[in-house]
Amino acid sequence: MRSLSAWLPLTFALAATALPSKDAAHKVKESVLPPRGWTKSTPAPADHVIELRIALPQSNFEQLEKHLYEVSDPFHERYGDHLTKEEVETLVAPHDESVRLVNEWLASHGLYEEHLSRSPARDWVIVKIPVSLAEEMLKTEYHVWTHGASGDAIVRTTAYSLPEHLHDHVELVQPTTMFSRTRSLRTTFHINPETSEKKVSVASAEADPPISVPSAAGGHVDASCNTTITLTCLKQLYNAVGFTPSTKHGNKIGITGYLEEFANIQDLQLFYADQLPAALNTNFTTALVNGGENSQNQSQAGAEANLDVQFAFGLSFPTPGTFWATGGRPPFNPDAITTTNTNEPYADWLDFILAQHNPPQTISTSYADDEQTVPVSYAKRVCAGFAQLGARGVSLMFSSGDGGVGDGEEDPQSQQCFTNDGRNATRFVPLFPPSCPFVTSVGGTVHVPETAVFFSGGGFSDVFPRPAYQQLAVSKFLNNLAPGTYKGLFNPNGRAIPDVAAQGDFFRIFYRGRAVSIGGTSAAAPTFAGIVSLLNAARLEQGLPPLGFLNPLVYAIEAVAPQAFNDITTGNNPGCGTPGFNATKGWDPITGVGTPNFQKLRAIVTGDFAHFKSDASAV
């Protein structure tokens, strides 16, 4: 812990250069009820250092959103005409007045440019200061808060203020009212112990005859794929056998990693030896973000990270892959389901990736958390960051979660789906970031032929309204629900998740030197991302731009050429004391529009959209 004496120069600077902002009338910017499960104890130590993130309003986000939808709409003349890094930054850069006023306020407290760091578009200001200075700036008092169930302690406040003239120039300041706990998160995966020791050789012949699947490559899938998913299974099932992407056109794929989830290279080589010998001795690039690490001690390998890199990079081989290891902890408001810190430091990763001139065109993330535990201001701001990537031609996949419509519990007496707004009402629990309308949410299936896997997360956002691109498909589902179904448990006008699906259980990976079977929608997301990367490769080979933000295209295909997705019509996703939703014909809140058929999708995205548009006019 740094001594308060280290900050004395700031005090002297303040005395010498006091500006009007310091003494301006303050007004409460945000106030929250004391969070359930937390107890306020002693005042925070004055010299405890916190990293304040100050969000300035983005000047022309509405214009960015307009550009995003135009370049992502296959029926628009601008389809694929993505923006450059500089064009995006110009659109989201704060107004000069906001920058000036915030700079004056910071300077009035002795904080100048040399003390600050900024995001690429200068819409975030980051500064490390002691609690004593933060309290003065925000006219608040920080305390040590203790979580009753775990004993974890954090430094937070339940209200903060800003000079009244800054309220239109600052969207949020954190950490203040957001409660986080520095513990490993519950990622969206589960290991199957009953099958983890299976010594099945994927190269060995199976006695059972192949399973007939008309949409699969060659019309069938190996029988072993019903209990063990391999790269071969996925390529057969999703009709991608025989396609090898070129490395000559700049195609890349990336995997995000958080909270000390390490992707182990030794395990990757074991996986390649087992399933993809041609890839032996190849590797991925590791990028460390915000103090992140990627230890290569095999005993510290992460199951989540290994699953993601092995299947995403295996499916897209030989496409260059990047693994980002991001450190830090994000905002969090506890609820009954999520009593540990399971949000992610997405803002730190976004600052890093948005600063890159040529990020990978396909990125998969297998981390998510209950939407209600993410403050609305933070969720909207991070979602806007994802929109920036989409406008630049990046496809973002997120796993939809492993709790069905909430906690995965069908028994009404045991369910834990309670609102954290003080009402403690029962309500379905959608996830963020999958609920962000600018990302592609991936649900899960299981077995061959495919059925919805019971834990596949899905539902409707309580924060983001339903975007136009999914209005037709989702309305059909809602109109077919029996009147009054789950009334009051979900928001029928919210952004609906997931968008698509892929296999999500019984994946054979290598973890800490041994083969294990693992499942979760965190298997589905990198699988779908691998297929998207192949589609991007096919487009780039023909001189076409990458797909970018996928959702308008996905729902257009579902409406015009639904055979390009394998519609999943059986299964349900229980939770919150209910059986959850049922998979059905067309879009549903378990498997979205279905799983991919690579060759059919390839024909669409590399062909002339003229006939596609004419078909759409008849819908």
# chains A, B, ... in the order shown; residues from 1 in each chain; ligands from 1
>>> residues_around(residues="stretch 393-405 of chain A", least_positions_apart="3", cutoff="6 Å", atoms="only C-alpha atoms", output="JSON, numbers by chain")
{"A": [82, 188, 361, 362, 363, 364, 365, 366, 389, 390, 408, 428, 434, 439, 440, 441, 442, 443, 455, 456, 457, 458, 459, 521, 522, 525, 548, 549, 573, 574, 575, 580]}
>>> residues_around(residues="A:Ala391", least_positions_apart="3", cutoff="6 Å", atoms="only C-alpha atoms", output="JSON, numbers by chain")
{"A": [68, 82, 83, 388]}
>>> residues_around(residues="A:Asp96", least_positions_apart="5", cutoff="12 Å", atoms="only C-alpha atoms", output="list in words")
Leu56, Pro57, Gln58, Ser59, Thr90, Leu101, Val102, Asn103, Arg122, Asp123 and His169 of chain A
>>> select_by_dssp(residues="stretch 191-322 of chain A", states="alpha helix (DSSP H)", output="PyMOL selection string")
chain A and resi 231-237+265-275+303-316
>>> write_last_selection(atoms="C-alpha atoms", output="PDB file, in the first residue's frame")
ATOM      1  CA  LEU A 231     -12.728 -31.450 -34.421  1.00  0.00           C
ATOM      2  CA  THR A 232     -13.689 -34.172 -36.891  1.00  0.00           C
ATOM      3  CA  CYS A 233     -17.187 -34.380 -35.409  1.00  0.00           C
ATOM      4  CA  LEU A 234     -17.740 -30.646 -35.745  1.00  0.00           C
ATOM      5  CA  LYS A 235     -16.464 -30.490 -39.306  1.00  0.00           C
ATOM      6  CA  GLN A 236     -18.731 -33.385 -40.272  1.00  0.00           C
ATOM      7  CA  LEU A 237     -21.790 -32.095 -38.422  1.00  0.00           C
ATOM      8  CA  ILE A 265       0.863 -24.673 -25.013  1.00  0.00           C
ATOM      9  CA  GLN A 266       1.874 -28.177 -23.856  1.00  0.00           C
ATOM     10  CA  ASP A 267      -1.795 -29.123 -23.601  1.00  0.00           C
ATOM     11  CA  LEU A 268      -2.409 -27.622 -27.049  1.00  0.00           C
ATOM     12  CA  GLN A 269       0.315 -29.849 -28.528  1.00  0.00           C
ATOM     13  CA  LEU A 270      -1.251 -32.915 -26.884  1.00  0.00           C
ATOM     14  CA  PHE A 271      -4.606 -31.894 -28.359  1.00  0.00           C
ATOM     15  CA  TYR A 272      -3.101 -31.455 -31.819  1.00  0.00           C
ATOM     16  CA  ALA A 273      -1.325 -34.819 -31.594  1.00  0.00           C
ATOM     17  CA  ASP A 274      -4.663 -36.391 -30.687  1.00  0.00           C
ATOM     18  CA  GLN A 275      -6.942 -34.625 -33.162  1.00  0.00           C
ATOM     19  CA  ALA A 303      -9.899 -25.493 -18.440  1.00  0.00           C
ATOM     20  CA  GLU A 304     -11.791 -22.575 -19.985  1.00  0.00           C
ATOM     21  CA  ALA A 305      -8.750 -21.146 -21.763  1.00  0.00           C
ATOM     22  CA  ASN A 306      -7.634 -24.569 -23.011  1.00  0.00           C
ATOM     23  CA  LEU A 307     -11.086 -25.397 -24.344  1.00  0.00           C
ATOM     24  CA  ASP A 308     -11.327 -22.087 -26.182  1.00  0.00           C
ATOM     25  CA  VAL A 309      -7.931 -22.118 -27.879  1.00  0.00           C
ATOM     26  CA  GLN A 310      -7.899 -25.823 -28.699  1.00  0.00           C
ATOM     27  CA  PHE A 311     -11.216 -25.852 -30.534  1.00  0.00           C
ATOM     28  CA  ALA A 312     -11.251 -22.326 -32.007  1.00  0.00           C
ATOM     29  CA  PHE A 313      -7.695 -22.563 -33.305  1.00  0.00           C
ATOM     30  CA  GLY A 314      -8.100 -26.222 -34.256  1.00  0.00           C
ATOM     31  CA  LEU A 315     -11.213 -25.603 -36.354  1.00  0.00           C
ATOM     32  CA  SER A 316      -9.689 -22.579 -38.095  1.00  0.00           C
TER      33      SER A 316
END
>>> residues_around(residues="A:Pro214", least_positions_apart="2", cutoff="12 Å", atoms="only C-alpha atoms", output="PDB file with N, CA, C and O atoms, in the first residue's frame")
ATOM      1  N   PRO A 210     -22.234 -45.089 -38.863  1.00  0.00           N
ATOM      2  CA  PRO A 210     -22.392 -43.638 -38.752  1.00  0.00           C
ATOM      3  C   PRO A 210     -23.861 -43.243 -38.646  1.00  0.00           C
ATOM      4  O   PRO A 210     -24.757 -43.970 -39.065  1.00  0.00           O
ATOM      5  N   ILE A 211     -24.080 -42.058 -38.079  1.00  0.00           N
ATOM      6  CA  ILE A 211     -25.431 -41.543 -37.878  1.00  0.00           C
ATOM      7  C   ILE A 211     -25.830 -40.728 -39.104  1.00  0.00           C
ATOM      8  O   ILE A 211     -25.084 -39.863 -39.565  1.00  0.00           O
ATOM      9  N   SER A 212     -27.000 -40.991 -39.626  1.00  0.00           N
ATOM     10  CA  SER A 212     -27.474 -40.260 -40.799  1.00  0.00           C
ATOM     11  C   SER A 212     -27.907 -38.852 -40.396  1.00  0.00           C
ATOM     12  O   SER A 212     -28.797 -38.679 -39.562  1.00  0.00           O
ATOM     13  N   ALA A 216     -25.237 -32.866 -42.871  1.00  0.00           N
ATOM     14  CA  ALA A 216     -23.824 -33.012 -42.558  1.00  0.00           C
ATOM     15  C   ALA A 216     -23.004 -33.286 -43.808  1.00  0.00           C
ATOM     16  O   ALA A 216     -23.543 -33.622 -44.876  1.00  0.00           O
ATOM     17  N   ALA A 217     -21.691 -33.155 -43.683  1.00  0.00           N
ATOM     18  CA  ALA A 217     -20.793 -33.473 -44.796  1.00  0.00           C
ATOM     19  C   ALA A 217     -20.932 -34.950 -45.144  1.00  0.00           C
ATOM     20  O   ALA A 217     -20.763 -35.813 -44.276  1.00  0.00           O
ATOM     21  N   GLY A 218     -21.255 -35.268 -46.380  1.00  0.00           N
ATOM     22  CA  GLY A 218     -21.439 -36.657 -46.788  1.00  0.00           C
ATOM     23  C   GLY A 218     -22.716 -37.271 -46.268  1.00  0.00           C
ATOM     24  O   GLY A 218     -22.947 -38.467 -46.472  1.00  0.00           O
ATOM     25  N   GLY A 219     -23.536 -36.511 -45.573  1.00  0.00           N
ATOM     26  CA  GLY A 219     -24.828 -37.004 -45.103  1.00  0.00           C
ATOM     27  C   GLY A 219     -24.776 -37.841 -43.850  1.00  0.00           C
ATOM     28  O   GLY A 219     -25.789 -38.447 -43.464  1.00  0.00           O
ATOM     29  N   HIS A 220     -23.611 -37.906 -43.173  1.00  0.00           N
ATOM     30  CA  HIS A 220     -23.541 -38.709 -41.959  1.00  0.00           C
ATOM     31  C   HIS A 220     -22.467 -38.169 -41.019  1.00  0.00           C
ATOM     32  O   HIS A 220     -21.580 -37.407 -41.431  1.00  0.00           O
ATOM     33  N   VAL A 221     -22.561 -38.594 -39.760  1.00  0.00           N
ATOM     34  CA  VAL A 221     -21.621 -38.196 -38.710  1.00  0.00           C
ATOM     35  C   VAL A 221     -21.198 -39.450 -37.966  1.00  0.00           C
ATOM     36  O   VAL A 221     -22.011 -40.353 -37.726  1.00  0.00           O
ATOM     37  N   GLN A 236     -17.711 -32.560 -39.630  1.00  0.00           N
ATOM     38  CA  GLN A 236     -18.731 -33.385 -40.272  1.00  0.00           C
ATOM     39  C   GLN A 236     -20.120 -32.796 -40.050  1.00  0.00           C
ATOM     40  O   GLN A 236     -20.882 -32.582 -40.998  1.00  0.00           O
ATOM     41  N   LEU A 237     -20.443 -32.532 -38.793  1.00  0.00           N
ATOM     42  CA  LEU A 237     -21.790 -32.095 -38.422  1.00  0.00           C
ATOM     43  C   LEU A 237     -22.156 -30.774 -39.070  1.00  0.00           C
ATOM     44  O   LEU A 237     -23.298 -30.580 -39.519  1.00  0.00           O
ATOM     45  N   TYR A 238     -21.160 -29.863 -39.163  1.00  0.00           N
ATOM     46  CA  TYR A 238     -21.441 -28.528 -39.693  1.00  0.00           C
ATOM     47  C   TYR A 238     -20.964 -28.342 -41.129  1.00  0.00           C
ATOM     48  O   TYR A 238     -20.809 -27.220 -41.605  1.00  0.00           O
ATOM     49  N   ASN A 239     -20.739 -29.481 -41.818  1.00  0.00           N
ATOM     50  CA  ASN A 239     -20.509 -29.499 -43.264  1.00  0.00           C
ATOM     51  C   ASN A 239     -19.300 -28.660 -43.666  1.00  0.00           C
ATOM     52  O   ASN A 239     -19.356 -27.871 -44.617  1.00  0.00           O
ATOM     53  N   VAL A 448     -26.248 -36.164 -31.472  1.00  0.00           N
ATOM     54  CA  VAL A 448     -26.450 -36.212 -32.912  1.00  0.00           C
ATOM     55  C   VAL A 448     -27.557 -37.231 -33.178  1.00  0.00           C
ATOM     56  O   VAL A 448     -27.415 -38.398 -32.793  1.00  0.00           O
ATOM     57  N   PRO A 449     -28.667 -36.845 -33.828  1.00  0.00           N
ATOM     58  CA  PRO A 449     -29.039 -35.496 -34.245  1.00  0.00           C
ATOM     59  C   PRO A 449     -29.108 -34.533 -33.049  1.00  0.00           C
ATOM     60  O   PRO A 449     -29.305 -34.949 -31.909  1.00  0.00           O
ATOM     61  N   GLN A 563     -32.357 -22.900 -44.552  1.00  0.00           N
ATOM     62  CA  GLN A 563     -31.634 -24.162 -44.636  1.00  0.00           C
ATOM     63  C   GLN A 563     -30.139 -23.990 -44.376  1.00  0.00           C
ATOM     64  O   GLN A 563     -29.418 -24.979 -44.183  1.00  0.00           O
ATOM     65  N   ASN A 566     -29.121 -25.224 -39.153  1.00  0.00           N
ATOM     66  CA  ASN A 566     -29.811 -26.441 -38.753  1.00  0.00           C
ATOM     67  C   ASN A 566     -30.767 -26.091 -37.616  1.00  0.00           C
ATOM     68  O   ASN A 566     -30.343 -25.828 -36.489  1.00  0.00           O
ATOM     69  N   ASN A 597     -24.497 -24.441 -41.096  1.00  0.00           N
ATOM     70  CA  ASN A 597     -24.133 -25.333 -42.199  1.00  0.00           C
ATOM     71  C   ASN A 597     -23.104 -24.565 -43.019  1.00  0.00           C
ATOM     72  O   ASN A 597     -23.459 -23.667 -43.804  1.00  0.00           O
TER      73      ASN A 597
END
>>> select_by_dssp(residues="stretch 212-357 of chain A", states="strand (DSSP E or B)", output="JSON, numbers by chain")
{"A": [212, 220, 221, 229, 253, 254, 255, 256, 257, 258, 262, 285, 286, 287, 288, 289, 301, 321, 322, 323, 324, 325, 326]}
>>> closest_residue(among="A:Gly520, A:Gly594, A:Gly148, A:Pro465", to="A:Ala501", atoms="only C-alpha atoms")
A:Gly594
>>> residues_around(residues="A:Arg53", least_positions_apart="4", cutoff="7 Å", atoms="only C-alpha atoms", output="list in words")
Trp124, Val125, Ile126, Val127, Val173 and Gln174 of chain A
>>> write_last_selection(atoms="N, CA and C atoms", output="JSON list (two decimals), in the first residue's frame")
[["chain", "number", "residue", "atom", "x", "y", "z"],
["A", 124, "TRP", "N", -12.53, 7.83, -22.39],
["A", 124, "TRP", "CA", -12.30, 7.39, -21.01],
["A", 124, "TRP", "C", -11.04, 8.08, -20.50],
["A", 125, "VAL", "N", -11.11, 8.57, -19.26],
["A", 125, "VAL", "CA", -9.94, 9.12, -18.57],
["A", 125, "VAL", "C", -9.68, 8.22, -17.37],
["A", 126, "ILE", "N", -8.45, 7.76, -17.22],
["A", 126, "ILE", "CA", -8.09, 6.85, -16.13],
["A", 126, "ILE", "C", -6.99, 7.50, -15.30],
["A", 127, "VAL", "N", -7.18, 7.47, -13.98],
["A", 127, "VAL", "CA", -6.19, 8.08, -13.09],
["A", 127, "VAL", "C", -6.14, 7.30, -11.77],
["A", 173, "VAL", "N", -18.46, 7.51, -13.17],
["A", 173, "VAL", "CA", -17.14, 7.41, -12.54],
["A", 173, "VAL", "C", -17.14, 6.13, -11.72],
["A", 174, "GLN", "N", -16.16, 5.30, -11.92],
["A", 174, "GLN", "CA", -16.04, 4.05, -11.16],
["A", 174, "GLN", "C", -14.57, 3.78, -10.87]]
>>> decode(residues="stretch 254-367 of chain A", atoms="C-alpha atoms", output="PDB file, in the first residue's frame")
ATOM      1  CA  GLY A 254      -8.721 -14.310 -31.340  1.00  0.00           C
ATOM      2  CA  ILE A 255      -9.729 -15.673 -27.921  1.00  0.00           C
ATOM      3  CA  THR A 256     -10.168 -13.541 -24.801  1.00  0.00           C
ATOM      4  CA  GLY A 257      -8.997 -14.765 -21.395  1.00  0.00           C
ATOM      5  CA  TYR A 258      -9.697 -13.256 -17.966  1.00  0.00           C
ATOM      6  CA  LEU A 259      -9.046 -13.810 -14.271  1.00  0.00           C
ATOM      7  CA  GLU A 260      -5.924 -15.961 -14.439  1.00  0.00           C
ATOM      8  CA  GLU A 261      -7.272 -18.453 -16.987  1.00  0.00           C
ATOM      9  CA  PHE A 262      -4.065 -19.643 -18.663  1.00  0.00           C
ATOM     10  CA  ALA A 263      -3.957 -21.229 -22.133  1.00  0.00           C
ATOM     11  CA  ASN A 264      -1.297 -23.934 -21.981  1.00  0.00           C
ATOM     12  CA  ILE A 265       0.863 -24.673 -25.013  1.00  0.00           C
ATOM     13  CA  GLN A 266       1.874 -28.177 -23.856  1.00  0.00           C
ATOM     14  CA  ASP A 267      -1.795 -29.123 -23.601  1.00  0.00           C
ATOM     15  CA  LEU A 268      -2.409 -27.622 -27.049  1.00  0.00           C
ATOM     16  CA  GLN A 269       0.315 -29.849 -28.528  1.00  0.00           C
ATOM     17  CA  LEU A 270      -1.251 -32.915 -26.884  1.00  0.00           C
ATOM     18  CA  PHE A 271      -4.606 -31.894 -28.359  1.00  0.00           C
ATOM     19  CA  TYR A 272      -3.101 -31.455 -31.819  1.00  0.00           C
ATOM     20  CA  ALA A 273      -1.325 -34.819 -31.594  1.00  0.00           C
ATOM     21  CA  ASP A 274      -4.663 -36.391 -30.687  1.00  0.00           C
ATOM     22  CA  GLN A 275      -6.942 -34.625 -33.162  1.00  0.00           C
ATOM     23  CA  LEU A 276      -4.975 -32.527 -35.680  1.00  0.00           C
ATOM     24  CA  PRO A 277      -1.435 -33.863 -36.303  1.00  0.00           C
ATOM     25  CA  ALA A 278      -0.875 -31.379 -39.132  1.00  0.00           C
ATOM     26  CA  ALA A 279      -0.900 -28.562 -36.562  1.00  0.00           C
ATOM     27  CA  LEU A 280       1.782 -30.057 -34.305  1.00  0.00           C
ATOM     28  CA  ASN A 281       4.505 -27.591 -33.296  1.00  0.00           C
ATOM     29  CA  THR A 282       2.382 -24.597 -34.302  1.00  0.00           C
ATOM     30  CA  ASN A 283       1.385 -22.052 -31.681  1.00  0.00           C
ATOM     31  CA  PHE A 284      -0.673 -18.942 -31.023  1.00  0.00           C
ATOM     32  CA  THR A 285       0.332 -15.389 -30.151  1.00  0.00           C
ATOM     33  CA  THR A 286      -0.177 -14.288 -26.551  1.00  0.00           C
ATOM     34  CA  ALA A 287      -0.950 -10.639 -25.759  1.00  0.00           C
ATOM     35  CA  LEU A 288      -0.889  -9.520 -22.118  1.00  0.00           C
ATOM     36  CA  VAL A 289      -3.415  -6.798 -21.223  1.00  0.00           C
ATOM     37  CA  ASN A 290      -3.582  -4.708 -18.035  1.00  0.00           C
ATOM     38  CA  GLY A 291      -1.107  -6.823 -16.117  1.00  0.00           C
ATOM     39  CA  GLY A 292      -2.482 -10.126 -17.372  1.00  0.00           C
ATOM     40  CA  GLU A 293      -0.384 -13.301 -17.307  1.00  0.00           C
ATOM     41  CA  ASN A 294      -0.356 -16.606 -19.165  1.00  0.00           C
ATOM     42  CA  SER A 295       1.691 -18.949 -17.012  1.00  0.00           C
ATOM     43  CA  GLN A 296       2.957 -22.039 -18.850  1.00  0.00           C
ATOM     44  CA  ASN A 297       3.139 -24.124 -15.694  1.00  0.00           C
ATOM     45  CA  GLN A 298       0.949 -27.014 -16.823  1.00  0.00           C
ATOM     46  CA  SER A 299      -0.475 -27.445 -13.325  1.00  0.00           C
ATOM     47  CA  GLN A 300      -1.932 -23.922 -13.629  1.00  0.00           C
ATOM     48  CA  ALA A 301      -3.586 -24.415 -17.009  1.00  0.00           C
ATOM     49  CA  GLY A 302      -7.176 -23.178 -17.218  1.00  0.00           C
ATOM     50  CA  ALA A 303      -9.899 -25.493 -18.440  1.00  0.00           C
ATOM     51  CA  GLU A 304     -11.791 -22.575 -19.985  1.00  0.00           C
ATOM     52  CA  ALA A 305      -8.750 -21.146 -21.763  1.00  0.00           C
ATOM     53  CA  ASN A 306      -7.634 -24.569 -23.011  1.00  0.00           C
ATOM     54  CA  LEU A 307     -11.086 -25.397 -24.344  1.00  0.00           C
ATOM     55  CA  ASP A 308     -11.327 -22.087 -26.182  1.00  0.00           C
ATOM     56  CA  VAL A 309      -7.931 -22.118 -27.879  1.00  0.00           C
ATOM     57  CA  GLN A 310      -7.899 -25.823 -28.699  1.00  0.00           C
ATOM     58  CA  PHE A 311     -11.216 -25.852 -30.534  1.00  0.00           C
ATOM     59  CA  ALA A 312     -11.251 -22.326 -32.007  1.00  0.00           C
ATOM     60  CA  PHE A 313      -7.695 -22.563 -33.305  1.00  0.00           C
ATOM     61  CA  GLY A 314      -8.100 -26.222 -34.256  1.00  0.00           C
ATOM     62  CA  LEU A 315     -11.213 -25.603 -36.354  1.00  0.00           C
ATOM     63  CA  SER A 316      -9.689 -22.579 -38.095  1.00  0.00           C
ATOM     64  CA  PHE A 317      -6.159 -24.013 -38.574  1.00  0.00           C
ATOM     65  CA  PRO A 318      -3.858 -22.769 -40.071  1.00  0.00           C
ATOM     66  CA  THR A 319      -5.368 -19.315 -39.435  1.00  0.00           C
ATOM     67  CA  PRO A 320      -3.123 -17.311 -37.041  1.00  0.00           C
ATOM     68  CA  GLY A 321      -4.588 -17.150 -33.539  1.00  0.00           C
ATOM     69  CA  THR A 322      -4.201 -14.687 -30.667  1.00  0.00           C
ATOM     70  CA  PHE A 323      -4.951 -15.250 -26.982  1.00  0.00           C
ATOM     71  CA  TRP A 324      -5.437 -12.133 -24.855  1.00  0.00           C
ATOM     72  CA  ALA A 325      -4.741 -12.578 -21.139  1.00  0.00           C
ATOM     73  CA  THR A 326      -6.395  -9.649 -19.369  1.00  0.00           C
ATOM     74  CA  GLY A 327      -5.824  -8.811 -15.724  1.00  0.00           C
ATOM     75  CA  GLY A 328      -7.989  -6.752 -13.387  1.00  0.00           C
ATOM     76  CA  ARG A 329     -11.443  -6.912 -11.877  1.00  0.00           C
ATOM     77  CA  PRO A 330     -14.616  -5.184 -13.135  1.00  0.00           C
ATOM     78  CA  PRO A 331     -17.751  -3.638 -11.570  1.00  0.00           C
ATOM     79  CA  PHE A 332     -20.123  -5.991  -9.778  1.00  0.00           C
ATOM     80  CA  ASN A 333     -23.365  -5.749  -7.800  1.00  0.00           C
ATOM     81  CA  PRO A 334     -24.015  -9.037  -5.949  1.00  0.00           C
ATOM     82  CA  ASP A 335     -27.228 -10.996  -6.228  1.00  0.00           C
ATOM     83  CA  ALA A 336     -28.374 -14.340  -4.837  1.00  0.00           C
ATOM     84  CA  ILE A 337     -27.036 -16.371  -7.763  1.00  0.00           C
ATOM     85  CA  THR A 338     -23.766 -14.532  -8.207  1.00  0.00           C
ATOM     86  CA  THR A 339     -22.178 -13.882  -4.840  1.00  0.00           C
ATOM     87  CA  THR A 340     -18.672 -13.799  -6.279  1.00  0.00           C
ATOM     88  CA  ASN A 341     -17.079 -11.499  -8.802  1.00  0.00           C
ATOM     89  CA  THR A 342     -18.021 -13.061 -12.123  1.00  0.00           C
ATOM     90  CA  ASN A 343     -18.045  -9.974 -14.285  1.00  0.00           C
ATOM     91  CA  GLU A 344     -15.103  -9.323 -16.580  1.00  0.00           C
ATOM     92  CA  PRO A 345     -12.776  -6.319 -17.055  1.00  0.00           C
ATOM     93  CA  TYR A 346     -14.124  -5.801 -20.564  1.00  0.00           C
ATOM     94  CA  ALA A 347     -13.339  -2.066 -20.553  1.00  0.00           C
ATOM     95  CA  ASP A 348      -9.613  -2.741 -20.117  1.00  0.00           C
ATOM     96  CA  TRP A 349      -9.609  -5.264 -22.960  1.00  0.00           C
ATOM     97  CA  LEU A 350     -11.630  -2.889 -25.132  1.00  0.00           C
ATOM     98  CA  ASP A 351      -9.133  -0.068 -24.545  1.00  0.00           C
ATOM     99  CA  PHE A 352      -6.391  -2.429 -25.712  1.00  0.00           C
ATOM    100  CA  ILE A 353      -8.102  -3.960 -28.732  1.00  0.00           C
ATOM    101  CA  LEU A 354      -9.544  -0.672 -29.983  1.00  0.00           C
ATOM    102  CA  ALA A 355      -6.012   0.737 -30.034  1.00  0.00           C
ATOM    103  CA  GLN A 356      -4.931  -1.969 -32.518  1.00  0.00           C
ATOM    104  CA  HIS A 357      -5.014  -1.056 -36.202  1.00  0.00           C
ATOM    105  CA  ASN A 358      -5.719  -4.592 -37.454  1.00  0.00           C
ATOM    106  CA  PRO A 359      -7.459  -6.714 -34.813  1.00  0.00           C
ATOM    107  CA  PRO A 360      -8.509 -10.282 -35.653  1.00  0.00           C
ATOM    108  CA  GLN A 361     -11.705 -10.415 -37.695  1.00  0.00           C
ATOM    109  CA  THR A 362     -13.234 -13.114 -35.455  1.00  0.00           C
ATOM    110  CA  ILE A 363     -13.159 -13.019 -31.643  1.00  0.00           C
ATOM    111  CA  SER A 364     -14.743 -15.390 -29.119  1.00  0.00           C
ATOM    112  CA  THR A 365     -15.411 -14.794 -25.422  1.00  0.00           C
ATOM    113  CA  SER A 366     -16.655 -17.477 -23.047  1.00  0.00           C
ATOM    114  CA  TYR A 367     -17.333 -15.315 -19.996  1.00  0.00           C
TER     115      TYR A 367
END
